[in-house]
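Peer 1: Okay, handing you the structure first.
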Amino acid sequence: MEILVFSAARKPRGYFRPLPRKARFLHPRELKKTLAQTRYAVAEPQLLVYLDLYGLSEAEARKHLRQLAAQDRLAYGVIDPAGRVRDAAELLRQGAVDYLGKTLLKEGLGRKRLNRIDLYLRHRFRQEPAAPGRKDAVAASAKTGAPAAAADWQGIVAGREYTFCFMFIELDGREEMEKKYERSNLGMALASFRKHIESSVGSYGGRVWIWSGFGGIVLFPYDGGECAALRCGFRFVLFKHLYDIEESLFPNLLSFRIIFHLGETVYVENGTGHIISDTLNSIFHLGQQFAKAGNFYITEEVLRRAHPAFRDSFLDVGVFEGRKIYRLRLPVHTGREG
Amino acid sequence: MSVSSKLDTLIARALSQSMGVELMEQLAGRIVPEYNLHERTGFPQTVPIPQIDAAQQITGDMRQANLLPRFVEVLIQVDRHGVMGRQVPIRSLSPIVAEIESLGFLFNEEYGIFVEGEGGAKTKGWGLLRQGTIYELSFLKLDIVNNTLLVRKYPPSTIRRVYASLKQTFSSLVQKRGGRVWCWEGDGGLAAFYFANKNVQATLTGMEMILELTLYNLFDCPLDKPLNVRQAVHTGPCQFLEKAEQIRSDTLRRLELIESKYTAPNNLAISPGVYTDLGTKLERFFQPLEISHRNYLYTYSLGWE
């Protein structure tokens with residue numbers, strides 16, 4: 001989640017230092033203009049705005065709070081180091097999602113608090129339709145620095161940061177396969193597997209972004225609402241044996257790991273090796289350190305946006321790098337080898 | 001099939017430039033038994049028929065009987081294998097094949113016949129089976145479980161929508177594997193498979209139908225409970241009739257019995273004749289079901305761990 005702080009002082013920077021992502025700071029006089037440009041980019045709670053009341057006159061504070069409350073899909077909080085707000089609950093009734101008073105500010109804004117706000121926002125915005133206009137979203141995010149949301153690839157410009165649904169897929173038993181069949185003999189089968197992935201994800205709006213022989217990363221543009229790309233991964237698992245029988249060029253039955261995660265990355269077409277992205281790191285770590293052969297995992301971010309029909313299909317398998325992970329209950333084909 | 005005059009001209013020219021009248025008549029006789037050129041052309045028996053007249057007569061007769069693709073299949077066979085050990089290259093064969101393929105047919109190398117292509121019309125007999133003739137076929141039967149209860153419980157518009165989705169999925173899976181839906185009645189359908197690996201194709205279609213139905217039930221089904229089907233695959237001889245409901249066939253009767261009596265909801269049951277054709281990769285997904293002493297069916301179903 002991106003954090004944008006409107007403050008006339010320098011001190012608030014210290015409150016946000018413990019957070020994993022840097023908050024961005026603007027002067028309160030920028031508030032109206034920024035909100036006008038940002039209002040459609042926050043359909044999903046990817047942006048949290050704070051207004052610091054320090055240094056504002058009563059009239060300015062009231063005006064800015066009114067401006068914030070007028071944005072019905074905006075997640076915002078109030079920083080009140082001097083304890084000027086007499087009724088914090090009234091702020092919440094008007095739409096604020098957080099209030100940082102004197103005591104809390106001493107402790108600083110931690111990741112846990114941010115996660116709790118995130119959970120609350122997911123619940124609050126769950127039933128509301130997301131309708132970001134593509135141009136508006138890109139323009140607004142360009143102004144604010146928040147990641148843009150795009151419904152499809154037409155809205156994606158190389159070099160900018162977007163929210164994507166990430167799919168990691170990799171064949172299991174790489175070393176054994178290379179040892180048994182030799183890499184050169186696997187070339188056609190590996191190419192055919194990649195082609196299968198490309199054509200399958202294509203019908204869900206996905207694109208293979210990073211690939212290294214036995215697997216890679218697929219990106220699905222995501223602009224809020226249900227994470228429809230998850231159905232694509234589900235199909236891979238459900239129909240795997242038909243692929244094995246009808247199309248696969250591998251001499252053995254295939255096994256692969258799939259991970260779905262949701263997050264941001266700068267989209268580039270070349271030179272993906274130089275990208276610095278928390279989401280990308282996380283999904284690679286999950287795929288290579290956590291995932292067991294033949295299994296399909298999703299992160300809590302994806303589960304929250306999964307179609308309700310999926311809710312019973314995934315089992316909680318613990319926490320990895322501070323994030324809850326869920327595993328798909330695998331299909332069992334009730335033949336001799338079940 | 002609507003045949004262009006270009007195809008007529010190409011065939012007539014190919015015949016007249018590639019063989020004598022006697023061989024032409026012999027080849028026509030492979031399609032139309034006891035074909036007699038003198039009778040057809042009106043030339044007296046004692047008068048030899050000019051090559052071009054013979055070629056045009058045969059082409060015209062084949063076109064009239066809607067047998068031109070069959071006749072071209074004979075020409076392809078002759079071109080490849082000759083006649084009685086003698087090579088008979090047929091001139092301009094490629095443009096003839098291309099002309100037929102432009103009409104929506106594809107030449108099936110394995111069978112040496114023209115079949116309906118992807119983009120063209122799709123008839124129940126692939127444009128190949130003859131009315132009343134018996135063929136060796138594989139069949140897949142699908143039946144909706146508790147159809148009567150569903151029809152009573154839900155409004156007709158809901159049932160129509162659900163069944164139309166099911167039919168659409170079934171038809172597209174059948175056609176994807178070269179089969180044809182022979183009939184679809186309110187609560188299920190029957191598909192036929194004729195070409196190579198027909199048992200494998202029918203079985204894979206049934207398996208894929210179970211998977212697609214799983215997705216439909218998860219995401220799209222408007223009913224309170226999942227829609228369930230029973231499916232069975234059986235193979236054997238069967239007469240081809242355009243009106244499939246008029247077919248009287250032991251193979252179809254056996255299929256009906258397997259489906260209705262021995263198949264559990266959301267299962268696919270296949271007969272032993274089908275199972276033996278599956279190969280090691282596919283047969284592992286089936287488990288034997290003893291229906292009487294040493295009498296087995298093989299079943300597939302989908303569960304979750």
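Naming scheme: A, B, ... for chains in displayed order of the structure tokens; residues 1 onward per chain; ligands 1 onward as shown.
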For chain B, list the residues within 12 Å of chain A, counting only C-alpha atoms, and write the list as a PDB file with N, CA and C atoms, in the first residue's frame.
Peer 2:
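File produced: out-v3.pdb:
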ATOM      1  N   ARG B 177     -12.398 -32.890 -30.828  1.00  0.00           N
ATOM      2  CA  ARG B 177     -11.702 -34.166 -31.014  1.00  0.00           C
ATOM      3  C   ARG B 177     -12.239 -34.937 -32.204  1.00  0.00           C
ATOM      4  N   ASN B 197      -7.935 -43.390 -33.473  1.00  0.00           N
ATOM      5  CA  ASN B 197      -8.007 -43.287 -32.009  1.00  0.00           C
ATOM      6  C   ASN B 197      -9.395 -42.903 -31.518  1.00  0.00           C
ATOM      7  N   VAL B 200      -9.961 -43.428 -27.849  1.00  0.00           N
ATOM      8  CA  VAL B 200      -9.216 -42.468 -27.022  1.00  0.00           C
ATOM      9  C   VAL B 200      -9.904 -41.105 -27.073  1.00  0.00           C
ATOM     10  N   GLN B 201     -10.290 -40.703 -28.280  1.00  0.00           N
ATOM     11  CA  GLN B 201     -10.914 -39.375 -28.434  1.00  0.00           C
ATOM     12  C   GLN B 201     -12.237 -39.290 -27.664  1.00  0.00           C
ATOM     13  N   THR B 203     -13.096 -41.047 -25.073  1.00  0.00           N
ATOM     14  CA  THR B 203     -12.811 -41.099 -23.634  1.00  0.00           C
ATOM     15  C   THR B 203     -12.292 -39.754 -23.124  1.00  0.00           C
ATOM     16  N   LEU B 204     -11.353 -39.169 -23.870  1.00  0.00           N
ATOM     17  CA  LEU B 204     -10.808 -37.869 -23.453  1.00  0.00           C
ATOM     18  C   LEU B 204     -11.906 -36.802 -23.427  1.00  0.00           C
ATOM     19  N   THR B 205     -12.820 -36.892 -24.383  1.00  0.00           N
ATOM     20  CA  THR B 205     -13.920 -35.920 -24.402  1.00  0.00           C
ATOM     21  C   THR B 205     -14.756 -36.050 -23.128  1.00  0.00           C
ATOM     22  N   GLY B 206     -15.052 -37.290 -22.745  1.00  0.00           N
ATOM     23  CA  GLY B 206     -15.830 -37.512 -21.520  1.00  0.00           C
ATOM     24  C   GLY B 206     -15.097 -37.018 -20.288  1.00  0.00           C
ATOM     25  N   MET B 207     -13.774 -37.250 -20.249  1.00  0.00           N
ATOM     26  CA  MET B 207     -12.984 -36.787 -19.094  1.00  0.00           C
ATOM     27  C   MET B 207     -12.972 -35.259 -19.037  1.00  0.00           C
ATOM     28  N   GLU B 208     -12.762 -34.650 -20.191  1.00  0.00           N
ATOM     29  CA  GLU B 208     -12.702 -33.187 -20.207  1.00  0.00           C
ATOM     30  C   GLU B 208     -14.052 -32.582 -19.839  1.00  0.00           C
ATOM     31  N   MET B 209     -15.113 -33.292 -20.222  1.00  0.00           N
ATOM     32  CA  MET B 209     -16.460 -32.800 -19.880  1.00  0.00           C
ATOM     33  C   MET B 209     -16.623 -32.748 -18.351  1.00  0.00           C
ATOM     34  N   ILE B 210     -16.089 -33.749 -17.672  1.00  0.00           N
ATOM     35  CA  ILE B 210     -16.181 -33.753 -16.195  1.00  0.00           C
ATOM     36  C   ILE B 210     -15.427 -32.550 -15.618  1.00  0.00           C
ATOM     37  N   LEU B 211     -14.260 -32.246 -16.188  1.00  0.00           N
ATOM     38  CA  LEU B 211     -13.471 -31.113 -15.689  1.00  0.00           C
ATOM     39  C   LEU B 211     -14.173 -29.791 -15.971  1.00  0.00           C
ATOM     40  N   GLU B 212     -14.695 -29.663 -17.194  1.00  0.00           N
ATOM     41  CA  GLU B 212     -15.388 -28.413 -17.544  1.00  0.00           C
ATOM     42  C   GLU B 212     -16.636 -28.226 -16.676  1.00  0.00           C
ATOM     43  N   LEU B 213     -17.304 -29.328 -16.407  1.00  0.00           N
ATOM     44  CA  LEU B 213     -18.508 -29.239 -15.575  1.00  0.00           C
ATOM     45  C   LEU B 213     -18.132 -28.812 -14.146  1.00  0.00           C
ATOM     46  N   THR B 214     -16.971 -29.257 -13.688  1.00  0.00           N
ATOM     47  CA  THR B 214     -16.486 -28.832 -12.368  1.00  0.00           C
ATOM     48  C   THR B 214     -16.331 -27.313 -12.324  1.00  0.00           C
ATOM     49  N   LEU B 215     -15.729 -26.756 -13.377  1.00  0.00           N
ATOM     50  CA  LEU B 215     -15.552 -25.303 -13.438  1.00  0.00           C
ATOM     51  C   LEU B 215     -16.906 -24.598 -13.532  1.00  0.00           C
ATOM     52  N   TYR B 216     -17.788 -25.162 -14.346  1.00  0.00           N
ATOM     53  CA  TYR B 216     -19.119 -24.555 -14.491  1.00  0.00           C
ATOM     54  C   TYR B 216     -19.843 -24.536 -13.143  1.00  0.00           C
ATOM     55  N   ASN B 217     -19.783 -25.653 -12.438  1.00  0.00           N
ATOM     56  CA  ASN B 217     -20.461 -25.719 -11.137  1.00  0.00           C
ATOM     57  C   ASN B 217     -19.852 -24.758 -10.121  1.00  0.00           C
ATOM     58  N   LEU B 218     -18.539 -24.555 -10.212  1.00  0.00           N
ATOM     59  CA  LEU B 218     -17.880 -23.645  -9.277  1.00  0.00           C
ATOM     60  C   LEU B 218     -18.252 -22.187  -9.529  1.00  0.00           C
ATOM     61  N   PHE B 219     -18.244 -21.789 -10.782  1.00  0.00           N
ATOM     62  CA  PHE B 219     -18.315 -20.356 -11.082  1.00  0.00           C
ATOM     63  C   PHE B 219     -19.611 -19.882 -11.741  1.00  0.00           C
ATOM     64  N   ASP B 220     -20.264 -20.724 -12.487  1.00  0.00           N
ATOM     65  CA  ASP B 220     -21.344 -20.205 -13.335  1.00  0.00           C
ATOM     66  C   ASP B 220     -22.715 -20.820 -13.100  1.00  0.00           C
ATOM     67  N   CYS B 221     -22.781 -21.950 -12.432  1.00  0.00           N
ATOM     68  CA  CYS B 221     -24.061 -22.657 -12.342  1.00  0.00           C
ATOM     69  C   CYS B 221     -25.056 -21.875 -11.465  1.00  0.00           C
ATOM     70  N   ASN B 266     -21.469 -38.123 -12.074  1.00  0.00           N
ATOM     71  CA  ASN B 266     -20.149 -37.494 -12.280  1.00  0.00           C
ATOM     72  C   ASN B 266     -19.041 -38.500 -12.543  1.00  0.00           C
ATOM     73  N   ASN B 267     -19.419 -39.679 -12.991  1.00  0.00           N
ATOM     74  CA  ASN B 267     -18.441 -40.680 -13.400  1.00  0.00           C
ATOM     75  C   ASN B 267     -18.506 -40.861 -14.907  1.00  0.00           C
ATOM     76  N   LEU B 268     -17.389 -41.332 -15.438  1.00  0.00           N
ATOM     77  CA  LEU B 268     -17.336 -41.743 -16.836  1.00  0.00           C
ATOM     78  C   LEU B 268     -17.025 -43.231 -16.815  1.00  0.00           C
ATOM     79  N   ALA B 269     -17.893 -44.035 -17.420  1.00  0.00           N
ATOM     80  CA  ALA B 269     -17.651 -45.480 -17.471  1.00  0.00           C
ATOM     81  C   ALA B 269     -17.357 -45.871 -18.913  1.00  0.00           C
ATOM     82  N   LEU B 278      -6.720 -47.634 -24.802  1.00  0.00           N
ATOM     83  CA  LEU B 278      -6.340 -46.343 -24.230  1.00  0.00           C
ATOM     84  C   LEU B 278      -4.838 -46.084 -24.166  1.00  0.00           C
ATOM     85  N   GLY B 279      -4.052 -47.123 -23.992  1.00  0.00           N
ATOM     86  CA  GLY B 279      -2.613 -46.908 -23.836  1.00  0.00           C
ATOM     87  C   GLY B 279      -2.269 -46.644 -22.382  1.00  0.00           C
ATOM     88  N   THR B 280      -0.986 -46.805 -22.057  1.00  0.00           N
ATOM     89  CA  THR B 280      -0.580 -46.793 -20.646  1.00  0.00           C
ATOM     90  C   THR B 280      -0.776 -45.440 -19.972  1.00  0.00           C
ATOM     91  N   LYS B 281      -0.556 -44.352 -20.715  1.00  0.00           N
ATOM     92  CA  LYS B 281      -0.659 -43.025 -20.093  1.00  0.00           C
ATOM     93  C   LYS B 281      -2.088 -42.728 -19.653  1.00  0.00           C
ATOM     94  N   LEU B 282      -3.044 -43.188 -20.446  1.00  0.00           N
ATOM     95  CA  LEU B 282      -4.438 -42.837 -20.173  1.00  0.00           C
ATOM     96  C   LEU B 282      -5.141 -43.861 -19.277  1.00  0.00           C
ATOM     97  N   GLU B 283      -4.787 -45.131 -19.447  1.00  0.00           N
ATOM     98  CA  GLU B 283      -5.537 -46.157 -18.707  1.00  0.00           C
ATOM     99  C   GLU B 283      -5.320 -46.072 -17.197  1.00  0.00           C
ATOM    100  N   ARG B 284      -4.216 -45.427 -16.784  1.00  0.00           N
ATOM    101  CA  ARG B 284      -3.943 -45.312 -15.346  1.00  0.00           C
ATOM    102  C   ARG B 284      -5.002 -44.473 -14.622  1.00  0.00           C
ATOM    103  N   PHE B 285      -5.767 -43.679 -15.384  1.00  0.00           N
ATOM    104  CA  PHE B 285      -6.788 -42.842 -14.755  1.00  0.00           C
ATOM    105  C   PHE B 285      -8.123 -43.571 -14.566  1.00  0.00           C
ATOM    106  N   PHE B 286      -8.159 -44.855 -14.920  1.00  0.00           N
ATOM    107  CA  PHE B 286      -9.403 -45.616 -14.799  1.00  0.00           C
ATOM    108  C   PHE B 286      -9.232 -46.760 -13.805  1.00  0.00           C
ATOM    109  N   GLN B 287     -10.299 -47.024 -13.099  1.00  0.00           N
ATOM    110  CA  GLN B 287     -10.232 -48.174 -12.208  1.00  0.00           C
ATOM    111  C   GLN B 287     -11.336 -49.159 -12.585  1.00  0.00           C
ATOM    112  N   PRO B 288     -11.044 -50.460 -12.441  1.00  0.00           N
ATOM    113  CA  PRO B 288     -12.018 -51.467 -12.853  1.00  0.00           C
ATOM    114  C   PRO B 288     -13.230 -51.520 -11.931  1.00  0.00           C
ATOM    115  N   LEU B 289     -14.357 -51.790 -12.518  1.00  0.00           N
ATOM    116  CA  LEU B 289     -15.600 -51.935 -11.757  1.00  0.00           C
ATOM    117  C   LEU B 289     -16.228 -53.253 -12.202  1.00  0.00           C
ATOM    118  N   TYR B 298     -14.750 -49.829 -16.707  1.00  0.00           N
ATOM    119  CA  TYR B 298     -13.656 -49.032 -16.140  1.00  0.00           C
ATOM    120  C   TYR B 298     -14.163 -47.611 -15.941  1.00  0.00           C
ATOM    121  N   THR B 299     -13.886 -47.049 -14.776  1.00  0.00           N
ATOM    122  CA  THR B 299     -14.495 -45.756 -14.467  1.00  0.00           C
ATOM    123  C   THR B 299     -13.454 -44.691 -14.114  1.00  0.00           C
ATOM    124  N   TYR B 300     -13.851 -43.451 -14.427  1.00  0.00           N
ATOM    125  CA  TYR B 300     -13.037 -42.286 -14.095  1.00  0.00           C
ATOM    126  C   TYR B 300     -13.924 -41.281 -13.374  1.00  0.00           C
ATOM    127  N   SER B 301     -13.397 -40.669 -12.337  1.00  0.00           N
ATOM    128  CA  SER B 301     -14.113 -39.563 -11.703  1.00  0.00           C
ATOM    129  C   SER B 301     -13.099 -38.606 -11.089  1.00  0.00           C
ATOM    130  N   LEU B 302     -13.572 -37.447 -10.729  1.00  0.00           N
ATOM    131  CA  LEU B 302     -12.698 -36.418 -10.173  1.00  0.00           C
ATOM    132  C   LEU B 302     -13.060 -36.178  -8.714  1.00  0.00           C
ATOM    133  N   GLY B 303     -12.059 -36.221  -7.854  1.00  0.00           N
ATOM    134  CA  GLY B 303     -12.280 -35.899  -6.439  1.00  0.00           C
ATOM    135  C   GLY B 303     -11.247 -34.879  -5.980  1.00  0.00           C
ATOM    136  N   TRP B 304     -11.262 -34.563  -4.708  1.00  0.00           N
ATOM    137  CA  TRP B 304     -10.308 -33.587  -4.157  1.00  0.00           C
ATOM    138  C   TRP B 304      -9.666 -34.176  -2.908  1.00  0.00           C
ATOM    139  N   GLU B 305      -8.412 -33.890  -2.723  1.00  0.00           N
ATOM    140  CA  GLU B 305      -7.707 -34.424  -1.554  1.00  0.00           C
ATOM    141  C   GLU B 305      -8.285 -33.820  -0.268  1.00  0.00           C
TER     142      GLU B 305
END
Peer 1: Would you please give, as a ChimeraX atom specification, all residues of region 53-231 of chain B that DSSP assigns to strand (DSSP E or B) based on the backbone?
Peer 2: /B:83,86,105-108,113-116,134-144,180-185,188-193,229-231
Peer 1: Generate a file of the selected residues that holds N, CA and C atoms, formatted as an mmCIF file, in the first residue's frame.
Peer 2:
data_model
loop_
_atom_site.group_PDB
_atom_site.id
_atom_site.type_symbol
_atom_site.label_atom_id
_atom_site.label_comp_id
_atom_site.auth_asym_id
_atom_site.auth_seq_id
_atom_site.Cartn_x
_atom_site.Cartn_y
_atom_site.Cartn_z
ATOM 1 N N VAL B 83 -2.233 -49.074 -60.688
ATOM 2 C CA VAL B 83 -3.323 -50.034 -60.906
ATOM 3 C C VAL B 83 -2.706 -51.346 -61.366
ATOM 4 N N ARG B 86 0.894 -51.279 -62.148
ATOM 5 C CA ARG B 86 1.331 -50.289 -63.147
ATOM 6 C C ARG B 86 1.146 -48.881 -62.576
ATOM 7 N N PHE B 105 -13.466 -29.078 -47.227
ATOM 8 C CA PHE B 105 -13.046 -30.445 -46.889
ATOM 9 C C PHE B 105 -11.545 -30.479 -46.636
ATOM 10 N N LEU B 106 -11.120 -31.517 -45.936
ATOM 11 C CA LEU B 106 -9.689 -31.726 -45.715
ATOM 12 C C LEU B 106 -9.365 -33.156 -46.112
ATOM 13 N N PHE B 107 -8.207 -33.349 -46.750
ATOM 14 C CA PHE B 107 -7.841 -34.707 -47.112
ATOM 15 C C PHE B 107 -7.167 -35.378 -45.922
ATOM 16 N N ASN B 108 -7.772 -36.451 -45.444
ATOM 17 C CA ASN B 108 -7.229 -37.180 -44.310
ATOM 18 C C ASN B 108 -6.260 -38.237 -44.845
ATOM 19 N N ILE B 113 -9.164 -40.177 -47.400
ATOM 20 C CA ILE B 113 -10.508 -39.681 -47.737
ATOM 21 C C ILE B 113 -10.621 -38.191 -47.408
ATOM 22 N N PHE B 114 -11.613 -37.561 -48.024
ATOM 23 C CA PHE B 114 -11.908 -36.175 -47.675
ATOM 24 C C PHE B 114 -12.915 -36.163 -46.530
ATOM 25 N N VAL B 115 -12.611 -35.337 -45.550
ATOM 26 C CA VAL B 115 -13.562 -35.166 -44.438
ATOM 27 C C VAL B 115 -13.835 -33.677 -44.276
ATOM 28 N N GLU B 116 -14.898 -33.369 -43.544
ATOM 29 C CA GLU B 116 -15.238 -31.966 -43.349
ATOM 30 C C GLU B 116 -14.138 -31.265 -42.570
ATOM 31 N N ILE B 134 -23.375 -49.699 -42.322
ATOM 32 C CA ILE B 134 -22.901 -49.988 -40.962
ATOM 33 C C ILE B 134 -21.414 -49.651 -40.853
ATOM 34 N N TYR B 135 -21.056 -48.956 -39.791
ATOM 35 C CA TYR B 135 -19.676 -48.550 -39.552
ATOM 36 C C TYR B 135 -19.252 -48.951 -38.142
ATOM 37 N N GLU B 136 -17.958 -49.049 -37.977
ATOM 38 C CA GLU B 136 -17.390 -49.289 -36.643
ATOM 39 C C GLU B 136 -17.145 -47.916 -36.002
ATOM 40 N N LEU B 137 -17.847 -47.631 -34.933
ATOM 41 C CA LEU B 137 -17.787 -46.290 -34.330
ATOM 42 C C LEU B 137 -17.584 -46.380 -32.820
ATOM 43 N N SER B 138 -17.174 -45.265 -32.237
ATOM 44 C CA SER B 138 -17.173 -45.143 -30.775
ATOM 45 C C SER B 138 -18.212 -44.105 -30.392
ATOM 46 N N PHE B 139 -18.880 -44.358 -29.265
ATOM 47 C CA PHE B 139 -19.941 -43.442 -28.847
ATOM 48 C C PHE B 139 -19.704 -42.967 -27.425
ATOM 49 N N LEU B 140 -20.050 -41.702 -27.219
ATOM 50 C CA LEU B 140 -20.047 -41.126 -25.868
ATOM 51 C C LEU B 140 -21.465 -40.675 -25.571
ATOM 52 N N LYS B 141 -22.010 -41.164 -24.470
ATOM 53 C CA LYS B 141 -23.366 -40.771 -24.080
ATOM 54 C C LYS B 141 -23.295 -39.977 -22.791
ATOM 55 N N LEU B 142 -24.035 -38.883 -22.760
ATOM 56 C CA LEU B 142 -24.084 -38.038 -21.545
ATOM 57 C C LEU B 142 -25.530 -37.895 -21.106
ATOM 58 N N ASP B 143 -25.747 -38.016 -19.820
ATOM 59 C CA ASP B 143 -27.105 -37.914 -19.291
ATOM 60 C C ASP B 143 -27.104 -37.037 -18.038
ATOM 61 N N ILE B 144 -28.044 -36.110 -17.969
ATOM 62 C CA ILE B 144 -28.128 -35.240 -16.788
ATOM 63 C C ILE B 144 -28.807 -36.012 -15.658
ATOM 64 N N ARG B 180 -18.852 -36.068 -33.674
ATOM 65 C CA ARG B 180 -20.078 -35.371 -34.068
ATOM 66 C C ARG B 180 -21.178 -35.690 -33.057
ATOM 67 N N VAL B 181 -21.935 -34.660 -32.683
ATOM 68 C CA VAL B 181 -23.084 -34.902 -31.812
ATOM 69 C C VAL B 181 -24.208 -35.435 -32.691
ATOM 70 N N TRP B 182 -24.621 -36.644 -32.433
ATOM 71 C CA TRP B 182 -25.675 -37.262 -33.267
ATOM 72 C C TRP B 182 -27.062 -36.844 -32.783
ATOM 73 N N CYS B 183 -27.217 -36.725 -31.499
ATOM 74 C CA CYS B 183 -28.509 -36.203 -31.038
ATOM 75 C C CYS B 183 -28.367 -35.588 -29.654
ATOM 76 N N TRP B 184 -29.218 -34.621 -29.385
ATOM 77 C CA TRP B 184 -29.262 -33.985 -28.065
ATOM 78 C C TRP B 184 -30.728 -33.854 -27.694
ATOM 79 N N GLU B 185 -31.126 -34.632 -26.732
ATOM 80 C CA GLU B 185 -32.496 -34.512 -26.244
ATOM 81 C C GLU B 185 -32.426 -33.717 -24.957
ATOM 82 N N GLY B 188 -29.736 -34.806 -22.225
ATOM 83 C CA GLY B 188 -28.433 -35.375 -22.539
ATOM 84 C C GLY B 188 -28.239 -35.577 -24.022
ATOM 85 N N GLY B 189 -27.092 -36.151 -24.365
ATOM 86 C CA GLY B 189 -26.790 -36.286 -25.786
ATOM 87 C C GLY B 189 -25.945 -37.503 -26.100
ATOM 88 N N LEU B 190 -25.790 -37.710 -27.398
ATOM 89 C CA LEU B 190 -25.006 -38.834 -27.897
ATOM 90 C C LEU B 190 -24.032 -38.300 -28.944
ATOM 91 N N ALA B 191 -22.744 -38.646 -28.786
ATOM 92 C CA ALA B 191 -21.741 -38.221 -29.762
ATOM 93 C C ALA B 191 -21.070 -39.443 -30.364
ATOM 94 N N ALA B 192 -20.710 -39.321 -31.655
ATOM 95 C CA ALA B 192 -20.049 -40.427 -32.357
ATOM 96 C C ALA B 192 -18.640 -40.012 -32.772
ATOM 97 N N PHE B 193 -17.738 -40.989 -32.758
ATOM 98 C CA PHE B 193 -16.348 -40.767 -33.175
ATOM 99 C C PHE B 193 -15.988 -41.867 -34.171
ATOM 100 N N VAL B 229 -23.742 -35.108 -14.096
ATOM 101 C CA VAL B 229 -24.019 -35.913 -15.298
ATOM 102 C C VAL B 229 -23.418 -37.311 -15.135
ATOM 103 N N ARG B 230 -23.954 -38.239 -15.935
ATOM 104 C CA ARG B 230 -23.359 -39.578 -16.053
ATOM 105 C C ARG B 230 -22.894 -39.706 -17.493
ATOM 106 N N GLN B 231 -21.728 -40.312 -17.706
ATOM 107 C CA GLN B 231 -21.248 -40.487 -19.077
ATOM 108 C C GLN B 231 -20.732 -41.913 -19.283
#
Peer 1: Quick one, how far is CA of Val78 (chain B) from CA of Ser92 (chain B)?
Peer 2: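 Answer for the CA of Val78 (chain B) to CA of Ser92 (chain B) separation: 13.5 Å.
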Peer 1: Just want the 6 Å neighbourhood of region 169-178 of chain A, counted on only C-alpha atoms, with same-chain residues fewer than 6 positions away dropped. Output as a ChimeraX atom specification.
Peer 2: /A:214-216,255-258,293
Peer 1: To one decimal in Å, tell me the separation between CA of Glu269 (chain A) and CA of Ile210 (chain A).
Peer 2: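 Rounded to one decimal, the two atoms are 9.6 Å apart.
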